[in-house]
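Engineer: Submitted below is the structure of interest, expressed as C-alpha cells.
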Amino acid sequence: MAIGSAGSRLLVFADPMQAIYGSDAETAARWAHLQEASSAVELLDYPHRWDRGSRTLGEWILGARETLRQGNAIDLRGRLPQGLSIIYADNQAQRHGQYQVSTDEGRQIKSVLRRDGGLLILSAHNTTIRGLNAMWWRTIPIWEGFTRSALSLLAIRCRQQVGDAHALAETFCDFVGEVGIGFTPSGFGNRLKQEVQTGCEAKCRGKPALIQRLARCILEAPDHRGVGTALTLLHGFIKDEEAFSGVKIDLRREFYEALQLGSFDDPEQGFTQLSSRRAQMQPSIPPRAISTIHKAKGLECANVLLMPCDRHHFSAAEKNRCLLYVGLSRASSSLTLVLSPTTPSPWFTT
C-alpha cells in the first residue's frame with residue numbers, strides 16, 4: 001500500500017472470498033480500501049490446481065464460490081461433478097468435544113480415508129478436530145500449521161508471572177489443556193495447584209506423589225524454566241506412568257517446542273527463536289492430516305474430506321460463506337462432504 005501511495009502502479013490479483021480472518025465489516029473495509037488504492041483489480045478465477053486433478057470439480061467449486069458470494073445456498077440436488085461425493089452422517093457422541101458416527105456411516109467415511117494421493121480432513125472448529133483425532137485413535141495427525149497460539153501465550157504469561165508459583169501452576173495447567181486431553185482439573189489440575197499452595201508438604205504416594213513432583217518443579221523455579229522442567233517431567237509420566245495413561249497430547253509439535261522453552265534465558269525471546277527455526281525448516285504436511293480450515297488456508301491436497309457440514313459448524317452467519325469456500329477449494333481431485341441429515345447447514349440445498 002505504501003508503494004502504491006508513493007506513485008507506483010498497484011495491480012491487485014485477489015480472491016476476496018478467502019478472507020476468513022477478522023470481522024465482516026473489517027474485511028469489507030480492507031477490500032474497499034485496496035480497490036480504491038489500486039490501478040487495476042483482477043479476481044483469481046482460473047483453477048490452476050485442478051489442471052492436475054478434476055477440472056470439472058474445479059469448475060463446480062468456482063461456481064459454488066459465486067453462489068456463496070451472492071449469499072445463496074449451494075445446490076447439491078441433481079448430478080454431481082466428477083470428484084464430488086456426499087456422505088450423510090450425524091455426530092452421535094453425547095459429551096462435548098467427542099465425535100462418533102454409526103457403524104455404517106463410519107464405514108463410508110473410512111473408505112475415503114483409504115484413498116491414494118494424500119488426504120486432508122478439514123473442519124471448522126478446533127474442538128471437532130480434536131474429536132476426530134480421538135475417533136481415529138490418533139492415527140491421523142493434526143496439522144498444526146505455522147503458528148503456535150498456546151505456546152505464544154505460555155511464553156507471555158511465564159514472563160509476566162516470574163516469582164508467582166500459583167499463577168504459573170495455572171498457566172501450566174491451561175497450556176497442557178490446550179495441547180492435549182485428559183489433564184483435567186478434577187484429575188490433575190486442582191491437586192497440582194493445591195500442592196503449590198501448600199508448599200508440597202503433604203506426604204503421599206502413587207498418582208498424588210507424581211503430581212507433587214510436577215508442582216515442586218514450579219515451586220523450586222517459579223519461572224519459565226520451572227514450567228519447562230515440569231512439562232518435561234509430564235512428558236515422561238505420559239509415556240511411563242499408568243496414572244497418566246489417560247493424558248494424550250494432540251498438538252505434538254507445539255508441546256515439543258514448549259519443552260525447549262526452558263533452555264532459553266527469556267521465554268519470549270525463546271518463542272521468537274523457535275518460531276524462526278520453524279519458518280526455516282518449513283514443515284510439510286503429512287500424507288494424511290486433520291486440520292482446521294483456518295490452518296489449511298493456502299494448502300491444497302488431492303483428496304479433501306470436509307466434515308461435518310452442519311448448522312453448528314456452518315451457520316447462516318455471513319462469515320461462514322468464506323470459511324466454507326476455503327474448505328471446499330483445498331481439493332484438487334476429490335472432495336467429500338459429510339452432511340447432517342438432521343441439522344443441515346443453511347449453505348447447502350439437498
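Just so we're on the same page: first chain in the C-alpha cells is A, next is B, and so on; residues restart at 1 for each chain, and ligands are numbered from 1 in the order they show up.
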Show me, as a Markdown table, the residues of range 130-192 of chain A having an atom within 6 Å of range 230-251 of chain A, each with the closest atom pair and its distance in Å, using only C-alpha atoms.

Structural biologist:
| residue | atom | partner | partner_atom | distance |
| --- | --- | --- | --- | --- |
| A:Val179 | CA | A:Leu251 | CA | 4.9 |
| A:Gly180 | CA | A:Ile249 | CA | 4.1 |
| A:Ile181 | CA | A:Lys248 | CA | 5.4 |
| A:Gly182 | CA | A:Val247 | CA | 4.2 |
| A:Phe183 | CA | A:Val247 | CA | 5.6 |

Engineer: What are the closest atom pairs, with distances in Å to one decimal, for all residues of range 129-231 of chain A lying within 12 Å of range 254-268 of chain A? Consider only C-alpha atoms, order rows by chain and residue number, and present the result as a tab-separated table.

Structural biologist:
residue	atom	partner	partner_atom	distance
A:Ile142	CA	A:Glu254	CA	11.0
A:Trp143	CA	A:Glu254	CA	10.8
A:Glu144	CA	A:Glu254	CA	7.8
A:Gly145	CA	A:Glu254	CA	10.1
A:Phe146	CA	A:Glu254	CA	10.1
A:Thr147	CA	A:Glu254	CA	9.0
A:Arg148	CA	A:Glu254	CA	6.3
A:Ser149	CA	A:Glu254	CA	8.9
A:Ala150	CA	A:Glu254	CA	7.8
A:Leu151	CA	A:Ala258	CA	6.4
A:Ser152	CA	A:Glu268	CA	7.8
A:Leu153	CA	A:Glu268	CA	9.4
A:Leu154	CA	A:Ala258	CA	8.4
A:Ala155	CA	A:Pro267	CA	5.0
A:Ile156	CA	A:Glu268	CA	6.2
A:Arg157	CA	A:Pro267	CA	9.1
A:Cys158	CA	A:Pro267	CA	6.9
A:Arg159	CA	A:Pro267	CA	6.3
A:Gln160	CA	A:Pro267	CA	10.0
A:Gln161	CA	A:Pro267	CA	11.3
A:Val162	CA	A:Pro267	CA	10.6
A:Phe172	CA	A:Ala258	CA	10.7
A:Phe175	CA	A:Phe255	CA	8.8
A:Val176	CA	A:Phe255	CA	8.1
A:Gly177	CA	A:Phe255	CA	10.9
A:Glu178	CA	A:Phe255	CA	9.7
A:Val179	CA	A:Phe255	CA	6.7
A:Gly180	CA	A:Phe255	CA	8.7
A:Cys217	CA	A:Gly262	CA	11.8
A:Ile218	CA	A:Gly262	CA	11.8
A:Ala221	CA	A:Gly262	CA	10.6
A:Pro222	CA	A:Gly262	CA	11.6
A:Asp223	CA	A:Gly262	CA	8.8
A:His224	CA	A:Gly262	CA	5.6
A:Arg225	CA	A:Gly262	CA	4.1
A:Gly226	CA	A:Gly262	CA	7.3
A:Val227	CA	A:Gly262	CA	7.3
A:Gly228	CA	A:Gly262	CA	4.7
A:Thr229	CA	A:Gly262	CA	7.0
A:Ala230	CA	A:Leu259	CA	9.0
A:Leu231	CA	A:Leu259	CA	6.2

Engineer: With C-alpha atoms kept, could you save the residues just selected as a compact mmCIF listing (two decimals), in the first residue's frame?

Structural biologist:
# COMPACT_ATOMS: atom_id res chain seq x y z
CA ILE A 142 -3.32 -32.89 13.40
CA TRP A 143 -1.74 -30.34 11.07
CA GLU A 144 -0.64 -27.56 13.41
CA GLY A 145 0.30 -25.10 10.70
CA PHE A 146 2.97 -22.45 11.15
CA THR A 147 1.64 -20.70 14.27
CA ARG A 148 1.66 -21.73 17.94
CA SER A 149 -1.01 -19.74 19.79
CA ALA A 150 -0.89 -21.78 23.03
CA LEU A 151 2.92 -21.64 23.14
CA SER A 152 2.87 -17.89 22.49
CA LEU A 153 0.53 -17.34 25.43
CA LEU A 154 2.63 -19.66 27.61
CA ALA A 155 5.76 -17.59 26.90
CA ILE A 156 3.99 -14.30 27.62
CA ARG A 157 2.44 -15.50 30.88
CA CYS A 158 5.70 -17.07 32.08
CA ARG A 159 7.46 -13.74 31.67
CA GLN A 160 4.67 -11.83 33.40
CA GLN A 161 4.39 -14.28 36.31
CA VAL A 162 8.03 -14.72 37.32
CA PHE A 172 0.96 -24.83 33.23
CA PHE A 175 -1.26 -24.93 28.39
CA VAL A 176 -1.48 -28.70 28.84
CA GLY A 177 -5.26 -28.44 28.44
CA GLU A 178 -4.82 -26.54 25.18
CA VAL A 179 -2.45 -29.01 23.54
CA GLY A 180 -3.92 -32.27 24.81
CA CYS A 217 9.37 -28.09 39.73
CA ILE A 218 7.37 -24.86 39.65
CA ALA A 221 11.94 -22.41 39.96
CA PRO A 222 8.91 -20.10 39.64
CA ASP A 223 9.67 -19.02 36.08
CA HIS A 224 9.67 -20.41 32.54
CA ARG A 225 12.49 -22.82 33.44
CA GLY A 226 10.43 -24.40 36.20
CA VAL A 227 7.44 -24.70 33.89
CA GLY A 228 9.69 -26.24 31.23
CA THR A 229 11.05 -28.76 33.74
CA ALA A 230 7.51 -29.67 34.78
CA LEU A 231 6.50 -30.16 31.14

Engineer: When you look at Gln194 in chain A with a cut-off of 12 Å (counting only C-alpha atoms), what residues show up, excluding the ones that are within fewer than 3 positions of it in the same chain? I need them as a list of chain:residue names.

Structural biologist: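 Here the answer would be A:Ala165, A:His166, A:Ala169, A:Glu170, A:Pro185, A:Ser186, A:Phe188, A:Gly189, A:Asn190, A:Arg191, A:Gln197, A:Thr198, A:Gly199, A:Cys200, A:Glu201, A:Ala202, A:Pro208, A:Ile211, A:Gln212, A:Leu214, A:Ala215, A:Arg216, A:Leu219.
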
Engineer: What are the DSSP strand (DSSP E) residues of range 52-160 of chain A, as a compact mmCIF listing (two decimals) with C-alpha atoms, in the first residue's frame?

Structural biologist:
# COMPACT_ATOMS: atom_id res chain seq x y z
CA ILE A 74 -25.07 -24.35 -2.85
CA ASP A 75 -27.46 -26.66 -4.70
CA LEU A 84 -17.53 -34.69 -5.59
CA SER A 85 -19.26 -37.12 -3.24
CA ILE A 86 -21.63 -36.79 -0.29
CA ILE A 87 -21.98 -38.79 2.92
CA TYR A 88 -24.84 -38.22 5.35
CA LEU A 119 -5.83 -36.69 2.28
CA LEU A 120 -6.72 -33.53 4.17
CA ILE A 121 -9.59 -33.76 6.67
CA LEU A 122 -11.00 -30.32 7.37
CA SER A 123 -13.38 -28.95 9.98

Engineer: Would you mind listing what lies within 12 Å of Trp50 in chain A as a ChimeraX atom specification, with only C-alpha atoms counted and same-chain residues fewer than 4 positions away left out?

Structural biologist: /A:45-46,54-62,82-83,300-303,329-335

Engineer: Just the selected residues (C-alpha atoms), exported as an mmCIF file, in the first residue's frame, please.

Structural biologist:
data_model
loop_
_atom_site.group_PDB
_atom_site.id
_atom_site.type_symbol
_atom_site.label_atom_id
_atom_site.label_comp_id
_atom_site.auth_asym_id
_atom_site.auth_seq_id
_atom_site.Cartn_x
_atom_site.Cartn_y
_atom_site.Cartn_z
ATOM 1 C CA ASP A 45 -10.750 -17.292 -11.274
ATOM 2 C CA TYR A 46 -8.568 -19.800 -13.123
ATOM 3 C CA SER A 54 -10.545 -32.931 -11.655
ATOM 4 C CA ARG A 55 -11.238 -29.996 -13.960
ATOM 5 C CA THR A 56 -14.994 -30.422 -13.558
ATOM 6 C CA LEU A 57 -14.605 -30.341 -9.771
ATOM 7 C CA GLY A 58 -12.681 -27.079 -10.066
ATOM 8 C CA GLU A 59 -15.377 -25.513 -12.223
ATOM 9 C CA TRP A 60 -18.027 -26.644 -9.740
ATOM 10 C CA ILE A 61 -16.086 -25.139 -6.808
ATOM 11 C CA LEU A 62 -15.747 -21.803 -8.620
ATOM 12 C CA GLN A 82 -16.717 -35.904 -11.102
ATOM 13 C CA GLY A 83 -14.719 -35.894 -7.873
ATOM 14 C CA GLU A 300 -4.047 -27.983 -1.422
ATOM 15 C CA CYS A 301 -4.477 -31.738 -1.451
ATOM 16 C CA ALA A 302 -5.644 -34.354 -3.927
ATOM 17 C CA ASN A 303 -8.397 -35.584 -1.596
ATOM 18 C CA SER A 329 -11.332 -25.204 -2.572
ATOM 19 C CA ARG A 330 -8.483 -27.139 -0.921
ATOM 20 C CA ALA A 331 -9.314 -30.236 -3.008
ATOM 21 C CA SER A 332 -7.737 -30.815 -6.422
ATOM 22 C CA SER A 333 -9.061 -34.289 -7.339
ATOM 23 C CA SER A 334 -11.790 -35.390 -4.937
ATOM 24 C CA LEU A 335 -13.969 -33.648 -2.372
#

Engineer: Can you work out the spacing between CA of Asp15 in chain A and CA of Gln280 in chain A in Å, to one decimal?

Structural biologist: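 Result for CA of Asp15 in chain A versus CA of Gln280 in chain A: 27.7 Å, one decimal.
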
Engineer: Nearest to Ser275 in chain A: which of A:Arg115, A:His313, A:Arg253, A:Ala289 is it, counting only C-alpha atoms?

Structural biologist: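 Closest candidate: A:Arg253.
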
Engineer: Could you check the closest approach to Thr27 in chain A for each of A:Ala134, A:Cys322, A:Leu337, A:Leu299 and tell me which residue wins, using only C-alpha atoms?

Structural biologist: A:Cys322

Engineer: Which one of A:Gly298, A:Gly106, A:Gly131, A:Gly71 sits closest to Glu318 in chain A if you count only C-alpha atoms?

Structural biologist: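 The closest residue to Glu318 in chain A is A:Gly71.
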
Engineer: Can you measure CA of Ser102 in chain A to CA of Tyr325 in chain A for me? One decimal in Å is fine.

Structural biologist: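 Going from CA of Ser102 in chain A over to CA of Tyr325 in chain A covers 27.6 Å.
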
Engineer: Counting only C-alpha atoms, which residue out of A:Ala37, A:Ala64, A:Ile20, A:Met307 sits closest to His294 in chain A?

Structural biologist: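 Between A:Ala37, A:Ala64, A:Ile20, A:Met307, the residue approaching His294 in chain A most closely is A:Ile20.
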
Engineer: Which parts of range 128-346 of chain A does DSSP call helix (DSSP H, G or I) when run on the backbone here, written out as a VMD selection string?

Structural biologist: chain A and resid 128 to 135 149 to 160 165 to 179 185 to 197 206 to 220 224 to 240 242 to 244 252 to 261 267 to 281 293 to 296 319 to 328

Engineer: CA of Leu132 in chain A and CA of Pro308 in chain A, how far apart in Å?

Structural biologist: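 Taking CA of Pro308 in chain A and CA of Leu132 in chain A, their separation equals 10.2 Å.
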